[in-house]
$ cat run.cif   # mmCIF, C-alpha atoms
data_my_file
loop_
_atom_site.label_atom_id
_atom_site.label_comp_id
_atom_site.auth_asym_id
_atom_site.auth_seq_id
_atom_site.Cartn_x
_atom_site.Cartn_y
_atom_site.Cartn_z
CA MET S 11 -5.77 -9.37 11.26
CA ARG S 12 -7.93 -7.61 8.71
CA HIS S 13 -6.11 -4.80 6.89
CA THR S 14 -2.96 -2.94 7.86
CA ARG S 15 -1.91 0.53 6.89
CA ASN S 16 1.77 0.42 5.97
CA ILE S 17 2.69 3.63 7.76
CA ALA S 18 4.81 4.97 10.58
CA GLY S 19 2.64 7.89 11.76
CA LYS S 20 0.01 7.06 14.29
CA CYS S 21 0.97 3.39 14.39
CA GLN S 22 4.49 4.33 15.42
CA ALA S 23 3.16 6.73 18.00
CA SER S 24 0.84 4.10 19.47
CA ALA S 25 3.16 1.10 19.45
CA GLY S 26 2.15 -1.48 22.06
CA LEU S 27 -1.43 -0.29 22.40
CA VAL S 28 -4.21 -2.74 21.74
CA LEU S 29 -6.54 -0.77 19.52
CA GLY S 30 -7.09 2.46 17.64
CA CYS S 31 -5.34 4.77 15.19
CA ALA S 32 -4.38 3.33 11.84
CA LEU S 33 -3.28 -0.01 13.22
CA ALA S 34 -4.90 -3.14 11.83
CA LEU S 35 -7.69 -4.43 14.06
CA SER S 36 -8.61 -8.01 14.70
CA MET S 37 -12.38 -8.05 14.41
CA SER S 38 -15.20 -10.52 14.77
CA ALA S 39 -18.96 -10.66 14.53
CA LEU S 40 -21.78 -13.11 13.96
CA PRO S 41 -23.16 -13.22 10.40
CA VAL S 42 -26.87 -12.61 10.08
CA ALA S 43 -29.28 -14.73 8.07
CA ALA S 44 -30.98 -11.89 6.20
CA LYS S 45 -28.61 -10.53 3.57
CA GLY S 46 -28.69 -7.53 1.32
CA TYR S 47 -28.01 -8.05 -2.37
CA SER S 48 -24.68 -7.54 -4.04
CA GLN S 49 -24.53 -4.96 -6.82
CA ILE S 50 -21.49 -4.28 -8.99
CA TYR S 51 -21.56 -0.87 -10.61
CA ASP S 52 -21.92 -0.66 -14.41
CA LEU S 53 -18.87 1.44 -15.27
CA GLN S 54 -19.99 2.02 -18.86
CA SER S 55 -23.52 3.31 -18.33
CA GLY S 56 -23.11 4.64 -14.80
CA ALA S 57 -26.14 2.59 -13.78
CA GLY S 58 -26.33 1.42 -10.20
CA ILE S 59 -26.84 3.05 -6.85
CA ALA S 60 -26.10 6.71 -7.40
CA GLY S 61 -29.16 8.67 -8.47
CA SER S 62 -31.50 5.68 -8.24
CA THR S 63 -34.73 5.69 -6.26
CA LEU S 64 -35.23 2.62 -4.12
CA PRO S 65 -38.74 1.48 -3.14
CA ALA S 66 -39.66 1.87 0.51
CA ASP S 67 -39.37 -1.88 1.18
CA ALA S 68 -36.09 -2.33 -0.72
CA LYS S 69 -33.19 -4.05 0.98
CA PRO S 70 -29.89 -2.18 1.29
CA ALA S 71 -27.75 -2.36 -1.85
CA TYR S 72 -24.08 -3.27 -1.81
CA THR S 73 -21.54 -2.12 -4.39
CA THR S 74 -18.08 -3.71 -4.48
CA ILE S 75 -15.20 -1.27 -5.00
CA ASP S 76 -11.88 -2.51 -6.40
CA PRO S 77 -9.50 -0.33 -8.45
CA PRO S 78 -8.03 -2.16 -11.47
CA GLY S 79 -5.03 -4.25 -10.43
CA SER S 80 -5.88 -4.02 -6.73
CA THR S 81 -4.82 -6.80 -4.38
CA GLY S 82 -6.54 -5.16 -1.40
CA THR S 83 -8.88 -2.17 -1.16
CA THR S 84 -9.95 -0.05 1.81
CA PRO S 85 -12.20 3.01 1.41
CA TYR S 86 -11.86 5.46 4.31
CA GLY S 87 -13.94 8.58 3.63
CA ILE S 88 -17.24 9.45 1.95
CA ASN S 89 -18.75 12.89 1.36
CA ASP S 90 -22.38 13.92 1.00
CA LYS S 91 -22.11 13.68 -2.81
CA GLY S 92 -21.30 9.98 -2.48
CA GLU S 93 -17.66 10.35 -3.54
CA ILE S 94 -15.34 7.93 -1.76
CA ALA S 95 -11.60 8.19 -1.06
CA GLY S 96 -9.44 5.28 -0.05
CA ASN S 97 -6.29 3.21 -0.51
CA TYR S 98 -5.46 0.10 -2.46
CA LEU S 99 -2.44 -2.17 -2.78
CA ASP S 100 -1.03 -3.08 -6.19
CA GLY S 101 0.59 -6.40 -7.09
CA SER S 102 3.90 -5.24 -5.60
CA GLY S 103 2.32 -4.34 -2.27
CA VAL S 104 2.61 -0.58 -2.85
CA SER S 105 -0.24 1.58 -1.55
CA HIS S 106 -1.97 4.15 -3.78
CA GLY S 107 -4.83 6.57 -3.24
CA PHE S 108 -8.06 6.42 -5.18
CA LEU S 109 -11.25 8.41 -5.73
CA TRP S 110 -14.51 6.55 -6.48
CA ASP S 111 -17.21 8.67 -8.10
CA LYS S 112 -20.39 7.00 -9.42
CA GLY S 113 -18.40 3.94 -10.42
CA THR S 114 -15.45 5.76 -11.99
CA ILE S 115 -12.19 5.12 -10.15
CA THR S 116 -9.24 7.51 -10.35
CA SER S 117 -5.91 6.41 -8.89
CA PHE S 118 -3.42 9.00 -7.64
CA ASP S 119 -0.05 9.47 -5.97
CA PRO S 120 1.68 12.71 -4.95
CA PRO S 121 4.88 13.42 -6.93
CA GLY S 122 7.85 11.66 -5.34
CA SER S 123 5.74 9.30 -3.24
CA ILE S 124 6.52 5.61 -2.77
CA ASN S 125 3.50 4.96 -0.53
CA THR S 126 0.26 6.95 -0.58
CA GLN S 127 -2.38 6.97 2.17
CA VAL S 128 -5.61 8.92 2.39
CA GLY S 129 -6.69 10.34 5.76
CA ASP S 130 -9.67 8.89 7.58
CA SER S 131 -13.47 9.21 7.64
CA GLY S 132 -13.38 12.96 7.00
CA CYS S 133 -10.56 12.82 4.44
CA ILE S 134 -12.78 14.05 1.57
CA ASN S 135 -14.99 17.14 1.76
CA ASP S 136 -18.13 17.95 -0.22
CA LYS S 137 -16.03 19.79 -2.82
CA GLY S 138 -14.11 16.61 -3.61
CA VAL S 139 -10.86 17.73 -1.98
CA ILE S 140 -8.89 14.86 -0.42
CA VAL S 141 -6.20 14.92 2.26
CA GLY S 142 -3.76 12.27 3.40
CA TYR S 143 -0.06 11.56 3.68
CA TYR S 144 2.68 9.92 1.63
CA GLY S 145 6.13 8.47 2.20
CA ASP S 146 9.09 9.56 0.11
CA SER S 147 12.29 7.70 -0.77
CA THR S 148 14.01 8.90 2.42
CA GLY S 149 11.33 7.38 4.64
CA THR S 150 9.84 10.78 5.53
CA TRP S 151 6.07 11.22 5.64
CA HIS S 152 4.38 14.35 4.31
CA GLY S 153 0.82 15.58 4.35
CA TYR S 154 -0.87 16.37 1.06
CA LEU S 155 -4.01 18.00 -0.28
CA ARG S 156 -5.50 16.80 -3.59
CA ALA S 157 -7.81 19.38 -5.19
CA ALA S 158 -10.90 18.33 -7.14
CA ASP S 159 -9.03 18.96 -10.41
CA GLY S 160 -6.32 16.49 -9.36
CA THR S 161 -3.68 19.06 -8.38
CA ILE S 162 -1.70 17.83 -5.35
CA THR S 163 -0.04 20.14 -2.80
CA THR S 164 2.33 18.97 -0.05
CA ILE S 165 1.45 20.31 3.41
CA ASP S 166 4.01 20.22 6.22
CA PRO S 167 4.15 22.43 9.31
CA LEU S 168 7.43 24.34 9.69
CA GLY S 169 10.09 22.05 11.12
CA SER S 170 8.08 18.88 10.54
CA THR S 171 9.93 15.58 10.25
CA GLY S 172 6.71 13.68 9.58
CA THR S 173 3.21 14.97 8.78
CA TYR S 174 -0.16 13.14 8.70
CA ALA S 175 -3.24 14.95 7.39
CA TYR S 176 -6.44 13.21 8.48
CA GLU S 177 -9.47 15.42 7.95
CA ILE S 178 -10.69 18.39 5.88
CA ASN S 179 -13.84 20.53 6.09
CA ASP S 180 -15.67 22.37 3.31
CA LYS S 181 -13.72 25.56 4.09
CA GLY S 182 -10.49 23.73 3.24
CA MET S 183 -9.25 23.60 6.84
CA VAL S 184 -7.16 20.49 7.54
CA GLY S 185 -6.57 18.66 10.82
CA GLY S 186 -3.84 16.16 11.60
CA GLY S 187 -0.63 15.46 13.49
CA TYR S 188 3.11 15.91 12.95
CA PHE S 189 6.51 15.13 14.41
CA ALA S 190 9.28 17.70 14.85
CA GLY S 191 12.52 15.78 15.33
CA THR S 192 11.39 13.75 18.35
CA ASP S 193 9.03 10.84 19.03
CA VAL S 194 6.33 13.26 20.20
CA GLU S 195 3.39 13.78 17.86
CA HIS S 196 1.68 17.19 17.99
CA GLY S 197 -1.69 18.24 16.62
CA PHE S 198 -2.20 20.83 13.92
CA LEU S 199 -4.94 22.80 12.21
CA ARG S 200 -4.09 24.21 8.79
CA ASP S 201 -6.18 27.08 7.43
CA LYS S 202 -7.06 27.35 3.76
CA ASP S 203 -4.44 30.09 3.33
CA GLY S 204 -1.71 27.67 4.41
CA THR S 205 -1.12 28.96 7.95
CA PHE S 206 -0.76 26.39 10.72
CA ALA S 207 -1.89 26.38 14.33
CA THR S 208 0.02 23.68 16.24
CA PHE S 209 -0.86 22.40 19.71
CA ASP S 210 -0.69 19.67 22.32
CA ALA S 211 -3.81 18.59 24.19
CA VAL S 212 -1.93 18.77 27.51
CA ASN S 213 1.59 19.72 28.50
CA GLY S 214 3.77 16.64 28.49
CA SER S 215 1.62 14.60 26.12
CA ILE S 216 3.57 12.33 23.76
CA PHE S 217 0.77 12.02 21.24
CA THR S 218 -1.86 14.54 20.10
CA ALA S 219 -3.79 14.25 16.84
CA ALA S 220 -6.72 16.22 15.43
CA ALA S 221 -8.90 13.41 14.09
CA GLY S 222 -12.19 15.13 13.26
CA ILE S 223 -13.07 18.65 12.13
CA ASP S 224 -16.37 20.52 11.82
CA LYS S 225 -17.45 23.24 9.40
CA GLU S 226 -16.02 26.04 11.59
CA GLY S 227 -12.64 24.45 12.31
CA ASP S 228 -13.30 23.00 15.75
CA VAL S 229 -11.49 19.67 16.03
CA GLY S 230 -11.88 16.51 18.07
CA GLY S 231 -9.10 14.06 18.72
CA GLU S 232 -7.18 12.04 21.21
CA TYR S 233 -3.97 12.23 23.19
CA TYR S 234 -1.93 10.20 25.60
CA THR S 235 0.90 10.80 28.03
CA GLY S 236 3.60 8.52 29.40
CA ASP S 237 1.20 5.82 30.58
CA GLY S 238 0.12 5.15 26.98
CA LEU S 239 -3.60 5.33 27.80
CA ARG S 240 -5.79 7.24 25.35
CA HIS S 241 -8.03 10.19 26.22
CA GLY S 242 -10.27 12.47 24.19
CA PHE S 243 -10.22 16.21 23.61
CA VAL S 244 -12.12 18.88 21.71
CA ARG S 245 -10.39 22.07 20.54
CA THR S 246 -12.28 25.13 19.35
CA VAL S 247 -10.98 27.05 16.36
CA GLY S 248 -10.00 29.75 18.87
CA GLY S 249 -7.70 27.35 20.70
CA THR S 250 -9.73 26.39 23.81
CA ILE S 251 -9.17 22.70 24.63
CA THR S 252 -11.60 20.54 26.63
CA LEU S 253 -10.46 17.10 27.79
CA PHE S 254 -12.84 14.20 28.33
CA ASN S 255 -13.12 10.50 29.12
CA VAL S 256 -16.09 8.18 29.27
CA ASN S 257 -16.99 7.88 32.94
CA GLY S 258 -15.30 4.84 34.48
CA SER S 259 -13.25 4.05 31.37
CA LEU S 260 -9.66 2.83 31.44
CA GLN S 261 -9.06 4.65 28.15
CA THR S 262 -11.22 6.52 25.66
CA ILE S 263 -10.57 6.29 21.92
CA VAL S 264 -11.70 9.10 19.62
CA THR S 265 -11.90 7.51 16.21
CA ASP S 266 -10.96 9.44 13.10
CA SER S 267 -14.60 10.35 12.53
CA HIS S 268 -16.44 13.47 11.52
CA LEU S 269 -17.15 16.13 14.10
CA THR S 270 -20.76 17.07 13.37
CA SER S 271 -22.12 20.60 12.97
CA LYS S 272 -23.53 20.21 16.49
CA GLY S 273 -20.15 19.22 17.90
CA ALA S 274 -20.87 15.51 18.33
CA LEU S 275 -18.17 12.86 17.87
CA THR S 276 -17.92 9.13 18.37
CA GLY S 277 -15.47 6.40 19.32
CA TYR S 278 -15.08 3.53 21.74
CA TYR S 279 -13.73 3.00 25.24
CA GLU S 280 -12.22 0.25 27.36
CA ASP S 281 -13.82 -0.55 30.68
CA GLY S 282 -12.09 -1.91 33.77
CA SER S 283 -12.59 -5.48 32.58
CA GLY S 284 -10.86 -4.87 29.26
CA ASP S 285 -14.10 -4.88 27.24
CA TRP S 286 -14.75 -2.29 24.52
CA HIS S 287 -17.96 -0.31 24.02
CA GLY S 288 -19.14 2.44 21.70
CA TYR S 289 -20.02 5.97 22.77
CA VAL S 290 -21.25 9.25 21.34
CA ARG S 291 -20.28 12.58 22.89
CA GLU S 292 -22.67 15.43 22.16
CA GLY S 293 -21.53 19.01 21.69
CA ASN S 294 -22.71 19.87 25.22
CA GLY S 295 -20.41 17.21 26.67
CA ASN S 296 -23.06 14.59 27.44
CA ILE S 297 -21.84 11.07 26.68
CA THR S 298 -24.06 8.08 25.82
CA THR S 299 -22.56 4.60 25.72
CA PHE S 300 -23.88 1.66 23.71
CA ASP S 301 -23.20 -1.84 22.45
CA ALA S 302 -24.22 -3.12 19.02
CA ARG S 303 -25.73 -6.16 20.74
CA GLY S 304 -26.06 -7.15 24.35
CA ASP S 305 -23.82 -10.19 23.95
CA THR S 306 -21.02 -8.61 21.94
CA ASN S 307 -17.35 -9.18 22.59
CA GLY S 308 -16.63 -5.54 21.71
CA THR S 309 -18.27 -2.60 19.90
CA TYR S 310 -16.18 -0.15 17.85
CA ALA S 311 -17.86 3.01 16.58
CA GLU S 312 -15.98 4.43 13.59
CA ASP S 313 -17.89 7.45 12.22
CA ILE S 314 -20.86 9.74 12.80
CA ASN S 315 -22.77 11.80 10.24
CA ASP S 316 -24.46 15.18 10.59
CA THR S 317 -27.82 13.58 11.44
CA GLY S 318 -26.26 11.74 14.40
CA ALA S 319 -26.21 8.29 12.80
CA ILE S 320 -23.15 6.18 13.68
CA THR S 321 -21.52 3.27 11.90
CA GLY S 322 -18.89 0.81 13.01
CA TRP S 323 -18.43 -2.88 13.70
CA TYR S 324 -18.67 -5.32 16.55
CA GLU S 325 -17.18 -8.68 17.38
CA LYS S 326 -18.29 -11.93 18.93
CA SER S 327 -16.40 -15.00 20.04
CA ASN S 328 -16.21 -16.46 16.51
CA GLN S 329 -13.99 -13.52 15.45
CA VAL S 330 -15.97 -12.58 12.37
CA PRO S 331 -16.72 -8.81 12.18
CA LEU S 332 -20.21 -7.53 11.52
CA GLY S 333 -21.16 -3.95 10.67
CA PHE S 334 -23.77 -1.83 12.41
CA VAL S 335 -25.53 1.49 11.98
CA ARG S 336 -26.95 3.28 15.02
CA ALA S 337 -29.68 5.82 14.29
CA ALA S 338 -29.81 9.11 16.19
CA ASN S 339 -32.68 7.68 18.27
CA GLY S 340 -30.44 4.81 19.40
CA LYS S 341 -31.90 2.05 17.21
CA ILE S 342 -29.15 -0.27 16.01
CA THR S 343 -29.23 -2.32 12.81
CA THR S 344 -26.53 -4.90 12.12
CA PHE S 345 -25.40 -6.01 8.67
CA ARG S 346 -22.77 -7.80 6.64
CA ASP S 347 -21.68 -7.46 3.05
CA PRO S 348 -23.21 -10.46 1.25
CA ASP S 349 -19.82 -11.36 -0.27
CA ALA S 350 -17.94 -11.27 3.04
CA GLY S 351 -16.40 -14.46 4.38
CA LYS S 352 -17.66 -16.16 7.51
CA LEU S 353 -14.44 -17.52 8.98
CA ALA S 354 -12.39 -15.94 11.76
CA GLY S 355 -10.74 -12.74 10.56
CA GLN S 356 -13.08 -12.43 7.59
CA GLY S 357 -16.19 -10.24 7.53
CA THR S 358 -17.34 -6.62 7.26
CA GLU S 359 -15.74 -3.44 8.63
CA PRO S 360 -17.52 -0.11 7.97
CA GLU S 361 -15.35 3.01 7.98
CA GLY S 362 -17.54 6.03 7.17
CA ILE S 363 -21.10 7.27 6.77
CA ASN S 364 -22.47 10.35 4.98
CA SER S 365 -25.57 12.41 5.73
CA ALA S 366 -27.73 10.26 3.44
CA GLY S 367 -26.79 7.14 5.40
CA TRP S 368 -24.47 5.75 2.73
CA ILE S 369 -21.84 3.57 4.44
CA GLU S 370 -18.45 2.57 3.06
CA GLY S 371 -15.71 0.34 4.30
CA ASN S 372 -14.08 -2.97 3.50
CA PHE S 373 -14.83 -6.65 3.71
CA GLU S 374 -12.68 -9.76 3.56
CA ASP S 375 -14.01 -12.56 1.38
CA SER S 376 -13.75 -16.32 1.87
CA ASN S 377 -10.43 -16.34 -0.01
CA GLY S 378 -8.87 -13.81 2.35
CA LEU S 379 -8.97 -10.93 -0.16
CA ILE S 380 -9.99 -7.45 1.03
CA HIS S 381 -12.42 -5.37 -1.05
CA GLY S 382 -14.12 -2.03 -0.62
CA PHE S 383 -17.88 -1.73 -0.35
CA LEU S 384 -20.60 0.88 -0.47
CA ARG S 385 -23.92 0.21 1.30
CA THR S 386 -26.90 2.37 0.48
CA PRO S 387 -30.16 2.27 2.47
#
$ encode --input "run.cif" --output "structure tokens"
Amino acid sequence: MRHTRNIAGKCQASAGLVLGCALALSMSALPVAAKGYSQIYDLQSGAGIAGSTLPADAKPAYTTIDPPGSTGTTPYGINDKGEIAGNYLDGSGVSHGFLWDKGTITSFDPPGSINTQVGDSGCINDKGVIVGYYGDSTGTWHGYLRAADGTITTIDPLGSTGTYAYEINDKGMVGGGYFAGTDVEHGFLRDKDGTFATFDAVNGSIFTAAAGIDKEGDVGGEYYTGDGLRHGFVRTVGGTITLFNVNGSLQTIVTDSHLTSKGALTGYYEDGSGDWHGYVREGNGNITTFDARGDTNGTYAEDINDTGAITGWYEKSNQVPLGFVRAANGKITTFRDPDAGKLAGQGTEPEGINSAGWIEGNFEDSNGLIHGFLRTP
């Protein structure tokens, strides 16, 4: 296992499923010979990646991200300003949120929280507002919104007994899922004024979550019914829901990625043989499938940016994960953080990508410690 979110939420809702949601994933990939160079940010001068101009033939730069006192770090979201939101574990195993901005790290926790999680790839918008969820002393989970000035507001739909905020757009609209006294998770869209629209992808679904949101409030996500198999959906801000699956798939996972301004989203699907492949679904409904390499043991697309570039990871038989970036034209480049370990369960797992092609995620080193990273082209 790589990293595990210590939450109920989506993991509880998807118990027994192999992949997806916020569950830890067992990943593998083959390391490549050509490495980038490791760069640790100079916290005093602010020197490093942000604002620098790289020559045309420069190799990608890697910045390691670890909040002070961290025993495990996982960035989840990055905005177009290069700000990164994520989680880290302290020495007691308690999870906290953090904001990384040009090397400065700010830790935060909502009042009354005993466990703080940020959302996913779209958990931070270009105004620096972060969404996520936290557990209180009663074991109840609540959504929250952290403004750029650090002010934190709890967000729970009426009657919620557990709320998970995953994504936010630049208008301040939030997408996520919630429970209301049963084991059924429902989707929600929260407007900036605090009003909620709640929904289920289909009647009788036991899990619906809005995982990605675009600038207008359209959301993409996934649902499943009693058979436990995942399927995708897109919901317009007006409430029209379109269901979809990759043709011939056993189940289709919509990762907690951005929904682009053109309505594209990404994820991965399981074929009839139990193998996993990446896909991109365009706003017009056309779906293109892909593998990071022809001999992979599984390809897992995690996020898409507004230019159509996709990042994620893939695995091979040696069970070491390797990252990839797929350009809008379909060209795929694989990579690993130069400080990542090369043994089974160690390696590189990208989580998000912004419009400039900056990629963040986590890697496990040769000592089994998990760190955050930022990769710039």
$ closest_residue --input "run.cif" --among "S:Leu99, S:Val264, S:Val256, S:Val212" --to "S:Asn296" --atoms "only C-alpha atoms"
S:Val256
$ resolve_selection --input "run.cif" --expression "the PyMOL selection byres ((chain S and resi 108) around 7)" --output "list in words"
Ala95, Gly96, Asn97, His106, Gly107, Leu109, Trp110, Ile115, Thr116, Ser117 and Phe118 of chain S
$ closest_residue --input "run.cif" --among "S:Arg385, S:Lys272, S:Arg240, S:His152" --to "S:Gly122" --atoms "all atoms listed in the file"
S:His152
$ residues_around --input "run.cif" --residues "stretch 352-368 of chain S" --least-positions-apart "2" --cutoff "6 Å" --atoms "all atoms listed in the file" --output "JSON, numbers by chain"
{"S": [86, 87, 89, 90, 131, 312, 313, 315, 316, 322, 323, 329, 330, 331, 332, 333, 346, 350, 370, 371, 372, 373, 374, 385, 386]}
$ resolve_selection --input "run.cif" --expression "the PyMOL selection byres ((chain S and resi 342) around 12)" --output "mmCIF file with C-alpha atoms, keeping the file's coordinate frame"
data_model
loop_
_atom_site.group_PDB
_atom_site.id
_atom_site.type_symbol
_atom_site.label_atom_id
_atom_site.label_comp_id
_atom_site.auth_asym_id
_atom_site.auth_seq_id
_atom_site.Cartn_x
_atom_site.Cartn_y
_atom_site.Cartn_z
ATOM 1 C CA GLY S 288 -19.140 2.440 21.700
ATOM 2 C CA PHE S 300 -23.880 1.660 23.710
ATOM 3 C CA ASP S 301 -23.200 -1.840 22.450
ATOM 4 C CA ALA S 302 -24.220 -3.120 19.020
ATOM 5 C CA ARG S 303 -25.730 -6.160 20.740
ATOM 6 C CA GLY S 304 -26.060 -7.150 24.350
ATOM 7 C CA THR S 309 -18.270 -2.600 19.900
ATOM 8 C CA ALA S 311 -17.860 3.010 16.580
ATOM 9 C CA ALA S 319 -26.210 8.290 12.800
ATOM 10 C CA ILE S 320 -23.150 6.180 13.680
ATOM 11 C CA THR S 321 -21.520 3.270 11.900
ATOM 12 C CA GLY S 322 -18.890 0.810 13.010
ATOM 13 C CA TRP S 323 -18.430 -2.880 13.700
ATOM 14 C CA TYR S 324 -18.670 -5.320 16.550
ATOM 15 C CA GLY S 333 -21.160 -3.950 10.670
ATOM 16 C CA PHE S 334 -23.770 -1.830 12.410
ATOM 17 C CA VAL S 335 -25.530 1.490 11.980
ATOM 18 C CA ARG S 336 -26.950 3.280 15.020
ATOM 19 C CA ALA S 337 -29.680 5.820 14.290
ATOM 20 C CA ALA S 338 -29.810 9.110 16.190
ATOM 21 C CA ASN S 339 -32.680 7.680 18.270
ATOM 22 C CA GLY S 340 -30.440 4.810 19.400
ATOM 23 C CA LYS S 341 -31.900 2.050 17.210
ATOM 24 C CA THR S 343 -29.230 -2.320 12.810
ATOM 25 C CA THR S 344 -26.530 -4.900 12.120
ATOM 26 C CA PHE S 345 -25.400 -6.010 8.670
#
$ residues_near_point --input "run.cif" --point "(0.7, -6.2, -2.8)" --cutoff "12 Å" --atoms "only C-alpha atoms" --output "list of chain:residue names"
S:His13, S:Thr14, S:Asn16, S:Gly79, S:Ser80, S:Thr81, S:Gly82, S:Thr83, S:Asn97, S:Tyr98, S:Leu99, S:Asp100, S:Gly101, S:Ser102, S:Gly103, S:Val104, S:Ser105, S:His106, S:Asn125, S:Leu379, S:Ile380
$ atom_distance --input "run.cif" --atom1 "atom CA of S:Thr114" --atom2 "atom CA of S:Ser271"
29.8 Å
$ closest_residue --input "run.cif" --among "S:His287, S:Thr306, S:Gly293, S:His381" --to "S:Pro78" --atoms "all atoms listed in the file"
S:His381
$ atom_distance --input "run.cif" --atom1 "atom CA of S:Asp266" --atom2 "atom CA of S:Tyr72"
23.6 Å
$ atom_distance --input "run.cif" --atom1 "atom CA of S:Val244" --atom2 "atom CA of S:Thr163"
27.4 Å
$ resolve_selection --input "run.cif" --expression "the PyMOL selection byres ((chain S and resi 187-204) around 7)" --output "list in words"
Gly169, Ser170, Thr171, Gly172, Thr173, Tyr174, Ala175, Lys181, Gly182, Met183, Val184, Gly185, Gly186, Thr205, Phe206, Ala207, Thr208, Phe209, Asp210, Ile216, Phe217, Thr218, Ala219 and Ala220 of chain S
$ closest_residue --input "run.cif" --among "S:Asp119, S:Asp111, S:Asp136, S:Glu325" --to "S:Arg156" --atoms "only C-alpha atoms"
S:Asp119
$ decode --input "run.cif" --residues "stretch 108-121 of chain S" --atoms "N, CA, C and O atoms" --output "mmCIF file, in the first residue's frame"
data_model
loop_
_atom_site.group_PDB
_atom_site.id
_atom_site.type_symbol
_atom_site.label_atom_id
_atom_site.label_comp_id
_atom_site.auth_asym_id
_atom_site.auth_seq_id
_atom_site.Cartn_x
_atom_site.Cartn_y
_atom_site.Cartn_z
ATOM 1 N N PHE S 108 -2.732 21.402 4.699
ATOM 2 C CA PHE S 108 -1.691 22.398 4.494
ATOM 3 C C PHE S 108 -1.875 23.091 3.153
ATOM 4 O O PHE S 108 -2.463 22.546 2.211
ATOM 5 N N LEU S 109 -1.336 24.309 3.092
ATOM 6 C CA LEU S 109 -1.256 25.090 1.852
ATOM 7 C C LEU S 109 0.208 25.360 1.580
ATOM 8 O O LEU S 109 0.928 25.861 2.450
ATOM 9 N N TRP S 110 0.672 25.015 0.377
ATOM 10 C CA TRP S 110 2.041 25.303 -0.076
ATOM 11 C C TRP S 110 1.963 26.432 -1.096
ATOM 12 O O TRP S 110 1.223 26.330 -2.074
ATOM 13 N N ASP S 111 2.708 27.495 -0.853
ATOM 14 C CA ASP S 111 2.691 28.643 -1.757
ATOM 15 C C ASP S 111 4.110 29.187 -1.902
ATOM 16 O O ASP S 111 4.648 29.811 -0.994
ATOM 17 N N LYS S 112 4.729 28.883 -3.050
ATOM 18 C CA LYS S 112 6.101 29.343 -3.342
ATOM 19 C C LYS S 112 7.070 28.976 -2.224
ATOM 20 O O LYS S 112 7.974 29.729 -1.889
ATOM 21 N N GLY S 113 6.896 27.795 -1.661
ATOM 22 C CA GLY S 113 7.797 27.300 -0.639
ATOM 23 C C GLY S 113 7.336 27.533 0.772
ATOM 24 O O GLY S 113 7.840 26.902 1.703
ATOM 25 N N THR S 114 6.397 28.447 0.984
ATOM 26 C CA THR S 114 5.858 28.691 2.320
ATOM 27 C C THR S 114 4.716 27.721 2.597
ATOM 28 O O THR S 114 3.789 27.603 1.795
ATOM 29 N N ILE S 115 4.793 27.039 3.719
ATOM 30 C CA ILE S 115 3.784 26.049 4.080
ATOM 31 C C ILE S 115 2.979 26.540 5.275
ATOM 32 O O ILE S 115 3.548 26.910 6.307
ATOM 33 N N THR S 116 1.660 26.540 5.112
ATOM 34 C CA THR S 116 0.743 26.923 6.190
ATOM 35 C C THR S 116 -0.109 25.728 6.551
ATOM 36 O O THR S 116 -0.824 25.183 5.708
ATOM 37 N N SER S 117 -0.028 25.289 7.805
ATOM 38 C CA SER S 117 -0.858 24.191 8.293
ATOM 39 C C SER S 117 -2.184 24.735 8.808
ATOM 40 O O SER S 117 -2.255 25.856 9.310
ATOM 41 N N PHE S 118 -3.251 23.932 8.689
ATOM 42 C CA PHE S 118 -4.546 24.388 9.198
ATOM 43 C C PHE S 118 -5.427 23.224 9.603
ATOM 44 O O PHE S 118 -5.269 22.099 9.104
ATOM 45 N N ASP S 119 -6.351 23.507 10.506
ATOM 46 C CA ASP S 119 -7.380 22.577 10.953
ATOM 47 C C ASP S 119 -8.631 23.376 11.276
ATOM 48 O O ASP S 119 -8.549 24.417 11.937
ATOM 49 N N PRO S 120 -9.804 22.933 10.830
ATOM 50 C CA PRO S 120 -11.043 23.598 11.246
ATOM 51 C C PRO S 120 -11.212 23.504 12.763
ATOM 52 O O PRO S 120 -10.768 22.529 13.377
ATOM 53 N N PRO S 121 -11.846 24.480 13.387
ATOM 54 C CA PRO S 121 -12.106 24.422 14.832
ATOM 55 C C PRO S 121 -12.886 23.157 15.191
ATOM 56 O O PRO S 121 -13.851 22.796 14.531
#
